[in-house]
$ cat run_17.txt   # compact mmCIF, C-alpha atoms
# COMPACT_ATOMS: atom_id res chain seq x y z
CA MET A 32 28.14 -23.45 5.90
CA THR A 33 25.02 -21.72 4.64
CA GLU A 34 24.96 -21.09 0.90
CA ILE A 35 23.38 -17.91 -0.45
CA MET A 36 21.51 -18.52 -3.67
CA GLN A 37 22.20 -16.06 -6.47
CA PRO A 38 19.42 -15.23 -8.96
CA GLN A 39 19.79 -17.09 -12.22
CA PRO A 40 19.34 -15.31 -15.56
CA ARG A 41 15.95 -15.95 -17.12
CA ALA A 42 15.81 -17.68 -20.47
CA GLN A 43 14.61 -15.47 -23.29
CA PRO A 44 11.26 -16.57 -24.77
CA GLU A 45 11.42 -18.02 -28.25
CA SER A 46 9.84 -16.29 -31.22
CA PRO A 47 7.64 -18.29 -33.63
CA SER A 48 10.73 -18.79 -35.82
CA GLY A 49 12.53 -20.55 -32.96
CA ALA A 50 15.01 -17.73 -32.32
CA ALA A 51 15.19 -16.16 -28.90
CA ALA A 52 12.85 -13.17 -28.79
CA ARG A 53 14.31 -10.05 -27.20
CA THR A 54 11.99 -8.38 -24.72
CA GLU A 55 12.76 -4.97 -23.32
CA ALA A 56 12.11 -4.34 -19.64
CA PRO A 57 9.64 -1.53 -19.05
CA SER A 58 11.18 1.74 -18.00
CA ALA A 59 11.06 2.45 -14.25
CA THR A 60 10.53 6.16 -14.89
CA HIS A 61 6.75 5.72 -14.68
CA ILE A 62 6.96 4.36 -11.12
CA PRO A 63 6.09 7.04 -8.54
CA GLU A 64 9.06 7.99 -6.35
CA ARG A 65 7.43 6.63 -3.18
CA TYR A 66 7.30 3.13 -4.69
CA HIS A 67 10.97 2.79 -5.69
CA ARG A 68 11.38 -0.37 -3.66
CA SER A 69 11.25 -4.04 -4.49
CA VAL A 70 8.17 -4.67 -2.33
CA VAL A 71 5.59 -2.27 -0.94
CA PRO A 72 3.61 -3.98 1.85
CA HIS A 73 -0.18 -3.68 1.62
CA ILE A 74 -2.03 -4.81 4.72
CA MET A 75 -5.74 -5.23 5.33
CA VAL A 76 -7.40 -4.27 8.59
CA SER A 77 -10.89 -4.34 10.07
CA ASP A 78 -10.81 -0.60 10.93
CA ALA A 79 -8.38 1.40 8.80
CA GLU A 80 -9.24 4.70 10.49
CA ALA A 81 -8.26 3.28 13.90
CA ALA A 82 -5.21 1.52 12.43
CA ILE A 83 -3.88 4.76 10.93
CA ALA A 84 -4.39 6.57 14.24
CA PHE A 85 -2.51 3.76 16.02
CA TYR A 86 0.42 3.78 13.55
CA VAL A 87 0.75 7.56 13.90
CA ALA A 88 0.72 7.41 17.72
CA ALA A 89 2.76 4.23 18.16
CA PHE A 90 5.25 4.26 15.29
CA GLY A 91 5.40 7.93 14.29
CA ALA A 92 3.79 7.20 10.91
CA VAL A 93 2.84 10.03 8.59
CA GLU A 94 -0.38 9.67 6.62
CA GLU A 95 0.24 10.39 2.94
CA PHE A 96 -3.35 10.06 1.69
CA ARG A 97 -6.55 8.01 1.86
CA LEU A 98 -9.37 7.10 -0.50
CA ALA A 99 -12.84 6.58 0.93
CA HIS A 100 -14.76 3.43 -0.02
CA PRO A 101 -18.14 4.13 -1.65
CA GLN A 102 -19.85 1.96 1.01
CA GLY A 103 -17.95 3.64 3.84
CA GLY A 104 -14.56 3.10 5.42
CA ILE A 105 -11.21 3.40 3.71
CA MET A 106 -10.63 1.69 0.37
CA HIS A 107 -6.92 2.55 0.24
CA ALA A 108 -4.56 4.62 2.34
CA GLU A 109 -0.83 5.10 2.42
CA ILE A 110 1.32 5.95 5.39
CA ARG A 111 5.04 6.43 5.68
CA ILE A 112 7.08 4.93 8.50
CA GLY A 113 10.62 6.20 8.19
CA GLU A 114 11.40 6.03 4.48
CA SER A 115 9.00 3.16 3.78
CA VAL A 116 5.49 3.29 2.39
CA LEU A 117 2.83 1.03 3.85
CA MET A 118 -0.47 0.63 2.02
CA LEU A 119 -3.56 -0.34 3.97
CA GLY A 120 -7.31 -0.51 3.71
CA ASP A 121 -10.45 -1.87 5.25
CA VAL A 122 -11.35 -5.45 4.47
CA SER A 123 -14.40 -5.06 2.27
CA GLN A 124 -14.36 -7.36 -0.72
CA GLY A 125 -12.17 -9.65 -2.77
CA PRO A 126 -9.68 -12.20 -1.55
CA PHE A 127 -8.25 -10.10 1.29
CA THR A 128 -8.79 -10.68 4.96
CA ALA A 129 -7.48 -9.27 8.22
CA PRO A 130 -5.28 -11.24 10.68
CA ALA A 131 -8.07 -11.44 13.28
CA GLU A 132 -10.21 -13.33 10.77
CA LEU A 133 -7.34 -15.78 10.21
CA SER A 134 -6.54 -16.28 13.91
CA GLY A 135 -3.03 -15.03 13.13
CA THR A 136 -0.79 -13.77 10.38
CA SER A 137 1.98 -15.24 8.26
CA VAL A 138 3.82 -11.95 7.77
CA ALA A 139 5.92 -9.77 10.08
CA LEU A 140 6.95 -6.27 9.12
CA HIS A 141 10.54 -5.33 10.06
CA VAL A 142 11.52 -1.72 10.69
CA PHE A 143 14.91 -0.38 11.80
CA VAL A 144 14.59 2.48 14.28
CA PRO A 145 17.09 4.57 16.27
CA ASP A 146 15.75 3.44 19.70
CA VAL A 147 13.79 0.19 19.85
CA ASP A 148 13.25 0.48 23.62
CA GLU A 149 11.58 3.89 23.31
CA LEU A 150 9.47 2.77 20.36
CA ALA A 151 8.30 -0.37 22.18
CA LYS A 152 7.19 1.70 25.19
CA ARG A 153 5.33 4.16 22.97
CA ALA A 154 3.68 1.37 20.97
CA VAL A 155 2.50 -0.48 24.10
CA ALA A 156 1.11 2.79 25.49
CA ALA A 157 -0.79 3.25 22.22
CA GLY A 158 -2.29 -0.26 22.38
CA ALA A 159 0.24 -2.73 20.94
CA GLU A 160 0.77 -6.11 22.54
CA LEU A 161 4.40 -6.74 23.47
CA ILE A 162 5.25 -10.26 22.27
CA GLN A 163 9.02 -10.04 22.85
CA ALA A 164 10.55 -7.30 24.98
CA PRO A 165 13.54 -5.43 23.54
CA ALA A 166 16.64 -7.63 23.75
CA ASP A 167 20.05 -7.82 22.13
CA GLN A 168 20.19 -10.56 19.50
CA PHE A 169 22.98 -12.71 18.05
CA HIS A 170 22.62 -11.02 14.66
CA GLY A 171 23.84 -7.67 16.01
CA ASP A 172 20.49 -5.95 16.49
CA ARG A 173 18.36 -5.14 19.53
CA THR A 174 14.81 -6.21 18.67
CA ALA A 175 11.27 -6.08 19.97
CA LEU A 176 8.29 -8.01 18.61
CA LEU A 177 4.86 -6.36 18.80
CA ARG A 178 1.32 -7.18 17.64
CA ASP A 179 -0.67 -4.14 16.61
CA PRO A 180 -4.39 -3.84 17.47
CA SER A 181 -5.26 -5.09 13.96
CA GLY A 182 -3.28 -8.30 14.53
CA HIS A 183 -0.22 -7.55 12.37
CA LEU A 184 3.20 -8.49 13.73
CA TRP A 185 5.99 -5.92 13.78
CA VAL A 186 9.68 -6.52 14.46
CA PHE A 187 11.48 -3.33 15.41
CA LEU A 188 15.26 -3.36 15.36
CA THR A 189 18.06 -1.05 16.43
CA HIS A 190 21.36 -2.02 14.82
CA LEU A 191 24.10 -2.40 17.43
CA ARG A 192 27.01 -3.93 15.52
CA ASN A 193 27.96 -5.63 12.28
CA VAL A 194 28.22 -9.42 12.47
CA SER A 195 30.33 -11.57 10.16
CA PRO A 196 28.71 -14.56 8.42
CA GLU A 197 30.69 -16.90 10.69
CA GLU A 198 29.50 -15.08 13.84
CA LEU A 199 25.95 -15.16 12.49
CA LEU A 200 26.01 -18.93 11.99
CA HIS A 201 27.65 -19.53 15.39
CA GLY A 202 25.20 -17.15 17.10
CA ARG A 203 22.19 -18.81 15.46
CA ALA A 204 23.35 -22.23 16.63
CA ALA A 205 23.90 -20.93 20.17
CA ALA A 206 20.49 -19.20 20.21
CA GLY A 207 18.75 -22.41 19.24
CA ASP A 208 15.54 -21.24 17.58
CA GLY A 209 17.02 -18.44 15.44
CA HIS A 210 14.17 -16.01 16.16
CA ALA A 211 14.25 -12.24 15.92
$ encode --input "run_17.txt" --output "structure tokens"
Amino acid sequence: MTEIMQPQPRAQPESPSGAAARTEAPSATHIPERYHRSVVPHIMVSDAEAAIAFYVAAFGAVEEFRLAHPQGGIMHAEIRIGESVLMLGDVSQGPFTAPAELSGTSVALHVFVPDVDELAKRAVAAGAELIQAPADQFHGDRTALLRDPSGHLWVFLTHLRNVSPEELLHGRAAAGDGHA
């Protein structure tokens, strides 16, 4: 049986006197509404202008805003896909690189959509590479795996049914590799 790890409480730092120091968590009221999530993905691309156009055409993204880079291109942009914010920008300086420069990526972005088949068709027509055609999966979702023109991997899912933990473990074993 798979065990789910629960977060453990963090120890309070000690004050110089040896007593546990009490630290107050910062208030979340200063966080802009669009960032009220645990993680906001920020991807780097070789051509942010083209990437934004692709995400709008393929995934129905809405561009929220963009900031031009002083040397040209896009320093930072934000788009919304469904209720999620995605930050992106042109690779220009610093430690960031685009997937094409890495010969791959170590991250896949998952998005639940009402109709994964329709989205996959639209995305391929807009220039995405279909890695895995839409198919029903053991975990209760119909999924498709796509690579966008910038090299980022996207897993689109349409939820079909709820699956119990026991069904999930049995389905994973039957599927073999556990993908999607």
$ residues_near_point --input "run_17.txt" --point "(3.9, -1.0, 22.1)" --cutoff "12 Å" --atoms "all atoms listed in the file" --output "PyMOL selection string"
chain A and resi 85-86+88-91+147-165+175-180+184-187
$ atom_distance --input "run_17.txt" --atom1 "atom CA of A:Ile112" --atom2 "atom CA of A:Glu80"
16.4 Å
$ atom_distance --input "run_17.txt" --atom1 "atom CA of A:Gly135" --atom2 "atom CA of A:Gly182"
6.9 Å
$ closest_residue --input "run_17.txt" --among "A:His183, A:Arg192, A:His100, A:His170" --to "A:Ala206" --atoms "all atoms listed in the file"
A:His170
$ closest_residue --input "run_17.txt" --among "A:Ser195, A:Ala92, A:Ala131, A:Leu119" --to "A:Gly104" --atoms "all atoms listed in the file"
A:Leu119
$ atom_distance --input "run_17.txt" --atom1 "atom CA of A:Gly120" --atom2 "atom CA of A:Ala82"
9.2 Å
$ residues_around --input "run_17.txt" --residues "stretch 107-109 of chain A" --least-positions-apart "2" --cutoff "8 Å" --atoms "all atoms listed in the file" --output "PyMOL selection string"
chain A and resi 94-100+105+111+116-121
$ residues_around --input "run_17.txt" --residues "A:Phe169" --least-positions-apart "2" --cutoff "8 Å" --atoms "all atoms listed in the file" --output "PDB file with C-alpha atoms, in the coordinates of the input"
ATOM      1  CA  ASP A 167      20.050  -7.820  22.130  1.00  0.00           C
ATOM      2  CA  GLY A 171      23.840  -7.670  16.010  1.00  0.00           C
ATOM      3  CA  ASP A 172      20.490  -5.950  16.490  1.00  0.00           C
ATOM      4  CA  LEU A 199      25.950 -15.160  12.490  1.00  0.00           C
ATOM      5  CA  GLY A 202      25.200 -17.150  17.100  1.00  0.00           C
ATOM      6  CA  ARG A 203      22.190 -18.810  15.460  1.00  0.00           C
ATOM      7  CA  ALA A 206      20.490 -19.200  20.210  1.00  0.00           C
TER       8      ALA A 206
END
$ closest_residue --input "run_17.txt" --among "A:Gln102, A:Ser134, A:Ser181, A:Thr189" --to "A:Ser77" --atoms "only C-alpha atoms"
A:Ser181
